[in-house]
>>> print(open('target-v5.tsv').read())   # TSV, C-alpha atoms and all ligand atoms
chain	number	residue	atom	x	y	z
A	1010	MET	CA	0.00	0.00	0.00
A	1011	SER	CA	1.69	3.21	-1.12
A	1012	GLN	CA	-1.17	5.49	-0.12
A	1013	ARG	CA	-0.48	8.14	2.46
A	1014	ARG	CA	-1.82	7.00	5.81
A	1015	VAL	CA	-3.43	9.57	8.09
A	1016	LEU	CA	-4.56	8.59	11.57
A	1017	THR	CA	-6.16	10.33	14.50
A	1018	GLY	CA	-7.98	9.40	17.68
A	1019	ILE	CA	-10.72	11.15	19.64
A	1020	THR	CA	-10.80	10.65	23.38
A	1021	THR	CA	-14.34	9.67	24.35
A	1022	THR	CA	-15.01	11.66	27.47
A	1023	GLY	CA	-17.35	14.42	26.33
A	1024	THR	CA	-20.02	15.65	23.95
A	1025	PRO	CA	-18.76	17.04	20.61
A	1026	HIS	CA	-19.02	20.83	20.33
A	1027	LEU	CA	-18.59	23.49	17.66
A	1028	GLY	CA	-14.88	23.83	18.52
A	1029	ASN	CA	-14.28	20.12	17.93
A	1030	TYR	CA	-16.11	20.39	14.63
A	1031	VAL	CA	-14.11	23.29	13.29
A	1032	GLY	CA	-10.73	22.13	14.62
A	1033	ALA	CA	-10.83	18.40	14.03
A	1034	ILE	CA	-13.99	16.79	12.69
A	1035	LYS	CA	-14.50	18.91	9.58
A	1036	PRO	CA	-10.93	18.57	8.23
A	1037	ALA	CA	-10.90	14.84	9.07
A	1038	ILE	CA	-14.14	14.20	7.22
A	1039	ALA	CA	-12.84	16.08	4.19
A	1040	GLU	CA	-9.73	13.88	4.27
A	1041	SER	CA	-11.87	10.74	4.53
A	1042	GLN	CA	-13.28	11.59	1.11
A	1043	ASN	CA	-9.84	11.87	-0.51
A	1044	PRO	CA	-9.10	8.71	-2.51
A	1045	ASP	CA	-5.33	9.28	-2.28
A	1046	VAL	CA	-5.37	8.96	1.48
A	1047	GLN	CA	-6.07	5.97	3.67
A	1048	SER	CA	-7.47	7.47	6.83
A	1049	TYR	CA	-7.83	5.80	10.19
A	1050	TYR	CA	-10.13	7.47	12.70
A	1051	PHE	CA	-10.86	5.88	16.01
A	1052	LEU	CA	-12.59	6.38	19.32
A	1053	ALA	CA	-9.75	6.48	21.85
A	1054	ASP	CA	-11.86	4.79	24.48
A	1055	LEU	CA	-8.96	3.14	26.32
A	1056	HIS	CA	-7.53	6.63	26.71
A	1057	ALA	CA	-10.90	7.80	28.04
A	1058	LEU	CA	-10.47	5.60	31.13
A	1059	ILE	CA	-7.49	7.70	32.18
A	1060	LYS	CA	-9.69	10.74	32.65
A	1061	ALA	CA	-13.15	9.33	33.26
A	1062	GLN	CA	-14.07	6.53	35.59
A	1063	ASP	CA	-17.78	6.98	35.23
A	1064	PRO	CA	-18.84	4.06	33.00
A	1065	GLN	CA	-22.04	5.73	31.89
A	1066	ARG	CA	-20.25	8.84	30.80
A	1067	VAL	CA	-17.67	6.88	28.81
A	1068	GLN	CA	-20.32	4.71	27.17
A	1069	GLN	CA	-22.52	7.70	26.31
A	1070	SER	CA	-19.62	9.69	24.93
A	1071	ARG	CA	-18.50	6.82	22.68
A	1072	LEU	CA	-21.99	6.61	21.22
A	1073	GLU	CA	-22.33	10.38	20.80
A	1074	ILE	CA	-18.97	10.78	19.13
A	1075	ALA	CA	-19.57	7.89	16.74
A	1076	ALA	CA	-23.04	9.24	15.86
A	1077	THR	CA	-21.60	12.73	15.35
A	1078	TRP	CA	-18.93	11.63	12.90
A	1079	LEU	CA	-21.40	9.52	10.94
A	1080	ALA	CA	-24.05	12.25	10.92
A	1081	LEU	CA	-21.55	14.73	9.53
A	1082	GLY	CA	-20.72	12.52	6.58
A	1083	LEU	CA	-17.67	10.45	7.46
A	1084	ASP	CA	-17.05	8.15	4.51
A	1085	THR	CA	-16.67	4.78	6.23
A	1086	ASP	CA	-16.10	2.93	2.97
A	1087	ASN	CA	-12.88	4.84	2.50
A	1088	ALA	CA	-11.87	5.73	6.07
A	1089	ILE	CA	-11.36	2.94	8.59
A	1090	PHE	CA	-13.45	3.94	11.61
A	1091	TYR	CA	-13.14	1.86	14.77
A	1092	ARG	CA	-13.01	1.71	18.54
A	1093	GLN	CA	-9.55	1.42	20.04
A	1094	SER	CA	-10.86	-1.08	22.61
A	1095	ASP	CA	-11.91	-3.48	19.81
A	1096	ILE	CA	-8.34	-3.77	18.59
A	1097	HIS	CA	-6.74	-6.12	21.12
A	1098	GLU	CA	-3.37	-5.83	19.43
A	1099	ILE	CA	-3.08	-2.17	20.51
A	1100	PRO	CA	-2.58	-2.82	24.25
A	1101	GLU	CA	-0.31	-5.73	23.30
A	1102	LEU	CA	1.88	-3.45	21.22
A	1103	ALA	CA	1.77	-0.85	23.99
A	1104	TRP	CA	3.44	-3.42	26.23
A	1105	LEU	CA	6.20	-4.12	23.72
A	1106	LEU	CA	6.79	-0.39	23.41
A	1107	SER	CA	6.78	0.09	27.19
A	1108	CYS	CA	9.71	-2.28	27.34
A	1109	VAL	CA	11.80	-0.16	24.97
A	1110	CYS	CA	10.62	3.21	26.27
A	1111	ALA	CA	12.81	4.96	28.83
A	1112	LYS	CA	10.99	5.87	32.02
A	1113	GLY	CA	12.82	9.20	31.88
A	1114	LEU	CA	11.07	10.00	28.61
A	1115	MET	CA	7.70	9.61	30.33
A	1116	ASN	CA	8.88	11.81	33.22
A	1117	ARG	CA	9.12	14.61	30.69
A	1118	SER	CA	5.56	14.22	29.36
A	1119	HIS	CA	3.61	17.49	29.60
A	1120	ALA	CA	0.45	15.76	30.83
A	1121	TYR	CA	2.32	14.05	33.66
A	1122	LYS	CA	4.34	17.15	34.54
A	1123	ALA	CA	1.19	19.24	34.66
A	1124	ALA	CA	-0.37	16.80	37.14
A	1125	VAL	CA	2.77	16.86	39.30
A	1126	GLY	CA	2.79	20.65	39.09
A	1127	GLU	CA	-0.79	20.79	40.37
A	1128	ASN	CA	0.12	18.61	43.34
A	1129	GLU	CA	3.09	20.80	44.14
A	1130	ALA	CA	1.06	23.98	43.83
A	1131	ALA	CA	-1.49	22.49	46.22
A	1132	GLY	CA	1.28	21.84	48.75
A	1133	GLN	CA	0.98	18.03	48.51
A	1134	SER	CA	3.87	16.16	50.11
A	1135	ASP	CA	3.56	13.36	47.49
A	1136	PRO	CA	4.02	14.86	44.01
A	1137	ASP	CA	2.55	11.71	42.41
A	1138	ARG	CA	-0.63	11.80	44.42
A	1139	GLY	CA	-3.66	10.71	42.37
A	1140	ILE	CA	-1.55	10.03	39.25
A	1141	SER	CA	-2.28	6.62	37.74
A	1142	MET	CA	0.05	4.48	35.66
A	1143	GLY	CA	-2.47	5.07	32.87
A	1144	LEU	CA	-1.77	8.80	32.94
A	1145	PHE	CA	1.96	8.31	33.34
A	1146	GLY	CA	2.21	5.87	30.43
A	1147	TYR	CA	-0.40	7.59	28.24
A	1148	PRO	CA	2.12	8.45	25.50
A	1149	VAL	CA	3.03	4.74	25.14
A	1150	LEU	CA	-0.57	3.77	24.42
A	1151	MET	CA	-0.81	6.65	21.99
A	1152	ALA	CA	2.40	5.53	20.27
A	1153	ALA	CA	0.89	2.04	19.90
A	1154	ASP	CA	-2.23	3.57	18.26
A	1155	ILE	CA	-0.08	5.31	15.70
A	1156	LEU	CA	2.73	2.82	15.06
A	1157	MET	CA	0.27	-0.07	14.76
A	1158	PHE	CA	-0.89	1.32	11.42
A	1159	ASN	CA	2.44	2.79	10.37
A	1160	ALA	CA	0.72	6.13	9.98
A	1161	HIS	CA	2.67	8.83	8.16
A	1162	LYS	CA	0.67	11.83	9.30
A	1163	VAL	CA	-1.15	12.45	12.53
A	1164	PRO	CA	-3.40	15.54	12.63
A	1165	VAL	CA	-3.47	16.74	16.23
A	1166	GLY	CA	-3.77	19.82	18.38
A	1167	ARG	CA	-0.64	21.63	19.44
A	1168	ASP	CA	-0.73	20.05	22.90
A	1169	GLN	CA	-0.23	16.63	21.31
A	1170	ILE	CA	2.95	17.32	19.33
A	1171	GLN	CA	5.15	16.03	22.12
A	1172	HIS	CA	3.32	12.70	22.05
A	1173	ILE	CA	4.08	12.25	18.37
A	1174	GLU	CA	7.74	12.99	19.03
A	1175	MET	CA	7.69	10.36	21.75
A	1176	ALA	CA	6.12	7.87	19.33
A	1177	ARG	CA	9.00	8.56	16.92
A	1178	ASP	CA	11.44	7.95	19.71
A	1179	MET	CA	9.87	4.60	20.61
A	1180	ALA	CA	9.68	3.57	16.95
A	1181	GLY	CA	13.34	4.35	16.45
A	1182	ARG	CA	14.42	2.47	19.56
A	1183	PHE	CA	12.37	-0.58	18.67
A	1184	ASN	CA	13.73	-0.63	15.12
A	1185	HIS	CA	17.24	-0.29	16.49
A	1186	ILE	CA	17.02	-2.92	19.25
A	1187	TYR	CA	15.30	-5.50	17.07
A	1188	LYS	CA	17.30	-4.61	13.96
A	1189	GLY	CA	14.56	-4.07	11.44
A	1190	ASP	CA	12.36	-1.50	9.77
A	1191	TYR	CA	9.30	-2.39	11.74
A	1192	PHE	CA	7.86	1.06	12.19
A	1193	THR	CA	7.42	4.19	10.13
A	1194	LEU	CA	8.29	7.41	11.97
A	1195	PRO	CA	5.07	9.44	12.15
A	1196	GLU	CA	4.78	13.20	11.73
A	1197	ALA	CA	2.35	15.51	13.49
A	1198	ILE	CA	0.28	17.84	11.35
A	1199	VAL	CA	-0.97	20.87	13.15
A	1200	ASP	CA	-3.28	23.04	11.11
A	1201	GLU	CA	-1.76	26.50	11.55
A	1202	GLN	CA	-4.62	28.21	9.76
A	1203	SER	CA	-7.49	26.89	11.75
A	1204	GLU	CA	-7.89	29.09	14.76
A	1205	VAL	CA	-8.94	27.75	18.07
A	1206	LEU	CA	-12.62	28.52	18.37
A	1207	ARG	CA	-13.57	30.57	21.43
A	1208	GLY	CA	-16.41	29.62	23.72
A	1209	LEU	CA	-19.29	31.42	25.47
A	1210	ASP	CA	-16.99	33.34	27.82
A	1211	GLY	CA	-14.38	34.21	25.17
A	1212	ARG	CA	-11.77	31.67	26.33
A	1213	LYS	CA	-10.87	28.65	24.17
A	1214	MET	CA	-13.99	26.52	23.68
A	1215	SER	CA	-13.34	23.51	25.85
A	1216	LYS	CA	-15.33	21.16	27.99
A	1217	SER	CA	-12.93	21.84	30.85
A	1218	TYR	CA	-14.03	25.50	30.89
A	1219	ASP	CA	-17.70	24.54	30.61
A	1220	ASN	CA	-18.15	27.16	27.89
A	1221	THR	CA	-19.03	25.01	24.88
A	1222	ILE	CA	-21.83	25.02	22.37
A	1223	PRO	CA	-22.56	21.33	21.71
A	1224	LEU	CA	-23.09	20.56	18.02
A	1225	PHE	CA	-26.43	18.86	18.27
A	1226	VAL	CA	-28.52	20.52	20.93
A	1227	SER	CA	-32.16	21.35	20.23
A	1228	GLU	CA	-33.00	24.49	18.30
A	1229	LYS	CA	-34.21	26.19	21.48
A	1230	LYS	CA	-31.06	25.34	23.41
A	1231	LEU	CA	-28.86	26.48	20.53
A	1232	GLN	CA	-30.63	29.82	20.52
A	1233	LYS	CA	-30.19	30.17	24.27
A	1234	LEU	CA	-26.49	29.39	24.05
A	1235	VAL	CA	-25.85	31.82	21.18
A	1236	ARG	CA	-27.55	34.53	23.26
A	1237	LYS	CA	-25.13	33.74	26.08
A	1238	ILE	CA	-22.00	34.42	24.00
A	1239	LYS	CA	-20.17	37.25	25.71
A	1240	THR	CA	-20.18	40.59	23.86
A	1241	ASN	CA	-19.41	44.11	25.03
A	1242	SER	CA	-21.66	47.01	26.00
A	1243	LEU	CA	-21.60	48.91	22.70
A	1244	GLU	CA	-25.03	50.14	21.62
A	1245	PRO	CA	-26.71	49.55	18.24
A	1246	GLY	CA	-25.32	52.07	15.77
A	1247	GLU	CA	-21.85	52.10	17.33
A	1248	PRO	CA	-19.16	50.49	15.16
A	1249	LYS	CA	-17.96	47.11	16.47
A	1250	ASP	CA	-14.73	45.24	16.00
A	1251	PRO	CA	-15.27	41.82	14.39
A	1252	ASP	CA	-11.67	40.74	14.98
A	1253	THR	CA	-11.96	40.64	18.74
A	1254	CYS	CA	-15.52	39.32	18.80
A	1255	THR	CA	-16.27	35.71	19.73
A	1256	LEU	CA	-19.68	35.84	18.08
A	1257	PHE	CA	-18.11	36.91	14.81
A	1258	GLN	CA	-15.39	34.28	15.07
A	1259	ILE	CA	-17.96	31.52	15.49
A	1260	TYR	CA	-19.99	32.82	12.56
A	1261	ALA	CA	-16.92	33.10	10.33
A	1262	ALA	CA	-15.89	29.51	11.10
A	1263	PHE	CA	-19.08	28.32	9.39
A	1264	ALA	CA	-19.84	31.04	6.84
A	1265	THR	CA	-18.39	31.42	3.35
A	1266	PRO	CA	-15.76	34.16	2.85
A	1267	ASP	CA	-18.39	36.36	1.14
A	1268	GLU	CA	-20.84	35.94	3.99
A	1269	SER	CA	-18.13	36.77	6.53
A	1270	ALA	CA	-17.11	39.87	4.58
A	1271	ASP	CA	-20.72	40.98	4.58
A	1272	MET	CA	-21.09	40.46	8.32
A	1273	ARG	CA	-17.79	42.28	8.89
A	1274	ARG	CA	-19.18	45.30	7.04
A	1275	ARG	CA	-22.31	45.27	9.20
A	1276	TYR	CA	-20.22	45.19	12.36
A	1277	VAL	CA	-18.48	48.32	11.21
A	1278	GLU	CA	-21.85	49.88	10.39
A	1279	GLY	CA	-22.97	49.21	13.96
A	1280	ILE	CA	-25.25	46.15	13.91
A	1281	GLY	CA	-26.86	45.69	17.36
A	1282	TRP	CA	-25.85	42.67	19.46
A	1283	GLY	CA	-29.40	41.32	19.57
A	1284	ASP	CA	-29.65	41.35	15.78
A	1285	ALA	CA	-26.18	39.89	15.33
A	1286	LYS	CA	-26.98	37.05	17.73
A	1287	ASN	CA	-30.25	36.29	15.97
A	1288	GLU	CA	-28.49	36.10	12.65
A	1289	VAL	CA	-25.73	33.88	13.90
A	1290	PHE	CA	-28.27	31.58	15.52
A	1291	GLU	CA	-30.34	31.39	12.32
A	1292	TYR	CA	-27.25	30.67	10.28
A	1293	LEU	CA	-25.91	27.93	12.54
A	1294	ASN	CA	-29.32	26.41	12.92
A	1295	ALA	CA	-29.87	26.25	9.18
A	1296	HIS	CA	-26.53	24.50	8.73
A	1297	LEU	CA	-26.96	22.08	11.60
A	1298	ARG	CA	-30.58	21.14	10.95
A	1299	GLU	CA	-29.94	18.23	8.58
A	1300	PRO	CA	-27.00	16.67	10.38
A	1301	ARG	CA	-28.91	17.10	13.66
A	1302	ALA	CA	-31.79	15.04	12.27
A	1303	ARG	CA	-29.33	12.36	11.10
A	1304	TYR	CA	-27.63	12.45	14.50
A	1305	GLU	CA	-30.91	11.95	16.31
A	1306	ALA	CA	-31.82	9.03	14.08
A	1307	LEU	CA	-28.41	7.45	14.68
A	1308	MET	CA	-28.63	7.93	18.45
A	1309	ASN	CA	-31.91	6.05	18.31
A	1310	ASP	CA	-30.28	3.16	16.47
A	1311	PRO	CA	-27.19	2.16	18.47
A	1312	ALA	CA	-27.27	-1.32	16.91
A	1313	TYR	CA	-26.52	0.25	13.53
A	1314	ILE	CA	-23.59	2.21	14.97
A	1315	GLU	CA	-22.33	-0.99	16.59
A	1316	GLN	CA	-22.42	-2.72	13.23
A	1317	VAL	CA	-20.47	0.08	11.52
A	1318	LEU	CA	-17.80	0.00	14.23
A	1319	VAL	CA	-17.52	-3.79	14.21
A	1320	LYS	CA	-16.97	-3.66	10.46
A	1321	GLY	CA	-14.32	-0.98	10.95
A	1322	ALA	CA	-12.60	-3.09	13.60
A	1323	GLU	CA	-12.53	-6.09	11.27
A	1324	ARG	CA	-10.80	-4.04	8.60
A	1325	ALA	CA	-8.36	-2.59	11.12
A	1326	ARG	CA	-7.54	-5.98	12.61
A	1327	GLU	CA	-6.52	-7.43	9.26
A	1328	GLU	CA	-3.60	-5.03	9.53
A	1329	THR	CA	-2.96	-5.21	13.25
A	1330	GLN	CA	-2.95	-9.01	13.37
A	1331	ALA	CA	-0.54	-9.18	10.44
A	1332	LEU	CA	1.81	-6.71	12.14
A	1333	MET	CA	1.73	-8.55	15.47
A	1334	ASP	CA	2.49	-11.81	13.64
A	1335	LYS	CA	5.72	-10.11	12.55
A	1336	LEU	CA	6.50	-8.41	15.85
A	1337	ARG	CA	6.04	-11.41	18.17
A	1338	PRO	CA	8.85	-13.50	16.59
A	1339	ALA	CA	10.95	-10.35	16.28
A	1340	VAL	CA	11.07	-9.98	20.07
A	1341	GLY	CA	11.36	-13.73	20.75
A	1342	LEU	CA	7.69	-14.56	21.24
A	1343	GLY	CA	7.21	-16.64	18.08
A	1344	ARG	CA	5.59	-20.06	17.83
A	1345	PHE	CA	7.56	-23.28	18.33
A	1346	GLN	CA	7.69	-25.31	15.17
A	1401	LIG	N1	-4.41	11.95	23.00
A	1401	LIG	C1	-5.23	12.47	21.95
A	1401	LIG	C2	-6.00	13.69	22.47
A	1401	LIG	O1	-6.25	13.78	23.65
A	1401	LIG	C3	-6.18	11.42	21.44
A	1401	LIG	C4	-5.44	10.29	20.85
A	1401	LIG	C5	-5.30	9.04	21.37
A	1401	LIG	C6	-4.76	10.31	19.60
A	1401	LIG	N2	-4.55	8.27	20.53
A	1401	LIG	C7	-4.19	9.01	19.45
A	1401	LIG	C8	-4.54	11.30	18.63
A	1401	LIG	C9	-3.42	8.71	18.34
A	1401	LIG	C10	-3.78	10.97	17.52
A	1401	LIG	C11	-3.21	9.68	17.38
A	1401	LIG	O2	-6.37	14.52	21.68
>>> encode(input="target-v5.tsv", output="structure tokens")
Amino acid sequence: MSQRRVLTGITTTGTPHLGNYVGAIKPAIAESQNPDVQSYYFLADLHALIKAQDPQRVQQSRLEIAATWLALGLDTDNAIFYRQSDIHEIPELAWLLSCVCAKGLMNRSHAYKAAVGENEAAGQSDPDRGISMGLFGYPVLMAADILMFNAHKVPVGRDQIQHIEMARDMAGRFNHIYKGDYFTLPEAIVDEQSEVLRGLDGRKMSKSYDNTIPLFVSEKKLQKLVRKIKTNSLEPGEPKDPDTCTLFQIYAAFATPDESADMRRRYVEGIGWGDAKNEVFEYLNAHLREPRARYEALMNDPAYIEQVLVKGAERAREETQALMDKLRPAVGLGRFQ
């Protein structure tokens, strides 16, 4: 297979929101329709257990995220779409990688260091308090996700670049120790153009700030949330600055360049906040109406989603089983014959 392989995972701990759509889902779906690319998209549900130990929340989030991607047009004939937890070879590979990965490398992981930093700031005597081995070794599992499919490109947010570098490190060490070209060294792609969408309070839209607009809320709820987007106290008729305005940024992420230019002009002419909010609501609602109906139908048919994911896992496992059949003898775990 000489196609370019693009792979990314979505941690299943929350409900997809407009920021996820603009930053990750939309570009990934566009890539899934490109015949020159073999894309692998998966629900990182083993990763979810690091952050969420509420089974209902994890289960619900897996279903919502799968339904969202399907409702928005993911091409599952081209893209391979699966649940990480269905691919038993992934934790197996994670173990092989753990055994070539220096503990010191993990000590330098941002996610781990941030957790230690929080303990220190709170005056804890044990800096590792509340930190699980799952969190500590998180980059190893992520490396297994990526190296398993010999992905070339991994679209991720900026905060994930270090994990891709760690995956390269583990790939290189494994290749070196076991003297072979087992793994491709992956590269992160960070979309420099796509801005980080801001949320209701003007900070980055993120479930940890509780400032998101979920993609598929009811029409009424969507309207309520758009009205909550923070604006300033300028009166109708006063010129407004689109470039610092969260409402405008959200609109522009969905609108065509012409539509954005038009809205920009009306800001300068002094459109009132009430009118601007109504228009943004109407615009978003018109664009989300169809996928919302598909989403609702999918959420009411989990057996169908299950079937799609099982099919995806079967396709994925053709590759992962073949790779493990090569890796086991390479490390001395082959069959006796
Ligand atoms: N850690 C990623 C995140 O939180 C999710 C993820 C898990 C992932 N495995 C991956 C992303 C493999 C890319 C490739 O966003």
>>> residues_around(input="target-v5.tsv", residues="Asp1178 of chain A", least_positions_apart="2", cutoff="12 Å", atoms="all atoms listed in the file", output="PyMOL selection string")
chain A and resi 1106-1107+1109-1111+1114-1115+1148-1149+1152+1156+1171-1176+1180-1185+1192-1196
>>> residues_near_ligand(input="target-v5.tsv", ligand="ligand LIG 1401 (chain A)", cutoff="7 Å", atoms="all atoms listed in the file", output="JSON list (two decimals) with C-alpha atoms, keeping the file's coordinate frame")
[["chain", "number", "residue", "atom", "x", "y", "z"],
["A", 1016, "LEU", "CA", -4.56, 8.59, 11.57],
["A", 1017, "THR", "CA", -6.16, 10.33, 14.50],
["A", 1018, "GLY", "CA", -7.98, 9.40, 17.68],
["A", 1019, "ILE", "CA", -10.72, 11.15, 19.64],
["A", 1020, "THR", "CA", -10.80, 10.65, 23.38],
["A", 1053, "ALA", "CA", -9.75, 6.48, 21.85],
["A", 1056, "HIS", "CA", -7.53, 6.63, 26.71],
["A", 1151, "MET", "CA", -0.81, 6.65, 21.99],
["A", 1152, "ALA", "CA", 2.40, 5.53, 20.27],
["A", 1154, "ASP", "CA", -2.23, 3.57, 18.26],
["A", 1155, "ILE", "CA", -0.08, 5.31, 15.70],
["A", 1163, "VAL", "CA", -1.15, 12.45, 12.53],
["A", 1164, "PRO", "CA", -3.40, 15.54, 12.63],
["A", 1165, "VAL", "CA", -3.47, 16.74, 16.23],
["A", 1166, "GLY", "CA", -3.77, 19.82, 18.38],
["A", 1169, "GLN", "CA", -0.23, 16.63, 21.31]]
>>> closest_residue(input="target-v5.tsv", among="A:Asp1137, A:Val1340, A:Leu1224, A:Gly1279", to="Cys1108 of chain A", atoms="only C-alpha atoms")
A:Val1340
>>> atom_distance(input="target-v5.tsv", atom1="atom CA of Asn1294 of chain A", atom2="atom CA of Glu1228 of chain A")
6.8 Å
>>> axis_aligned_box(input="target-v5.tsv", around="segment 1077-1092 of chain A", padding_each_side="5 Å", output="lines of an AutoDock Vina configuration file")
center_x = -17.7
center_y = 8.2
center_z = 10.5
size_x = 22.7
size_y = 23.0
size_z = 26.0
>>> atom_distance(input="target-v5.tsv", atom1="atom CA of Arg1177 of chain A", atom2="atom CA of Ser1094 of chain A")
22.8 Å
>>> residues_around(input="target-v5.tsv", residues="Arg1303 of chain A", least_positions_apart="2", cutoff="12 Å", atoms="only C-alpha atoms", output="VMD selection string")
chain A and resid 1076 to 1082 1225 1297 to 1301 1305 to 1310
>>> residues_around(input="target-v5.tsv", residues="Ala1264 of chain A", least_positions_apart="4", cutoff="12 Å", atoms="all atoms listed in the file", output="list of chain:residue names")
A:Val1031, A:Phe1257, A:Gln1258, A:Ile1259, A:Tyr1260, A:Glu1268, A:Ser1269, A:Ala1270, A:Asp1271, A:Met1272, A:Arg1273, A:Glu1288, A:Val1289, A:Glu1291, A:Tyr1292, A:Leu1293, A:Ala1295, A:His1296
>>> write_last_selection(input="target-v5.tsv", atoms="C-alpha atoms", output="CSV table (one decimal), keeping the file's coordinate frame")
chain,number,residue,atom,x,y,z
A,1031,VAL,CA,-14.1,23.3,13.3
A,1257,PHE,CA,-18.1,36.9,14.8
A,1258,GLN,CA,-15.4,34.3,15.1
A,1259,ILE,CA,-18.0,31.5,15.5
A,1260,TYR,CA,-20.0,32.8,12.6
A,1268,GLU,CA,-20.8,35.9,4.0
A,1269,SER,CA,-18.1,36.8,6.5
A,1270,ALA,CA,-17.1,39.9,4.6
A,1271,ASP,CA,-20.7,41.0,4.6
A,1272,MET,CA,-21.1,40.5,8.3
A,1273,ARG,CA,-17.8,42.3,8.9
A,1288,GLU,CA,-28.5,36.1,12.6
A,1289,VAL,CA,-25.7,33.9,13.9
A,1291,GLU,CA,-30.3,31.4,12.3
A,1292,TYR,CA,-27.2,30.7,10.3
A,1293,LEU,CA,-25.9,27.9,12.5
A,1295,ALA,CA,-29.9,26.2,9.2
A,1296,HIS,CA,-26.5,24.5,8.7
>>> atom_distance(input="target-v5.tsv", atom1="atom CA of Arg1337 of chain A", atom2="atom CA of Arg1014 of chain A")
23.5 Å
>>> residues_around(input="target-v5.tsv", residues="Asn1287 of chain A", least_positions_apart="3", cutoff="9 Å", atoms="only C-alpha atoms", output="NGL selection string")
:A and (1232 or 1235-1236 or 1282-1284 or 1290-1292)
>>> closest_residue(input="target-v5.tsv", among="A:Arg1324, A:Arg1212, A:Lys1229, A:Lys1162", to="Val1199 of chain A", atoms="only C-alpha atoms")
A:Lys1162
>>> closest_residue(input="target-v5.tsv", among="A:Ile1186, A:Pro1245, A:Ser1215, A:Thr1022", to="Gln1065 of chain A", atoms="only C-alpha atoms")
A:Thr1022
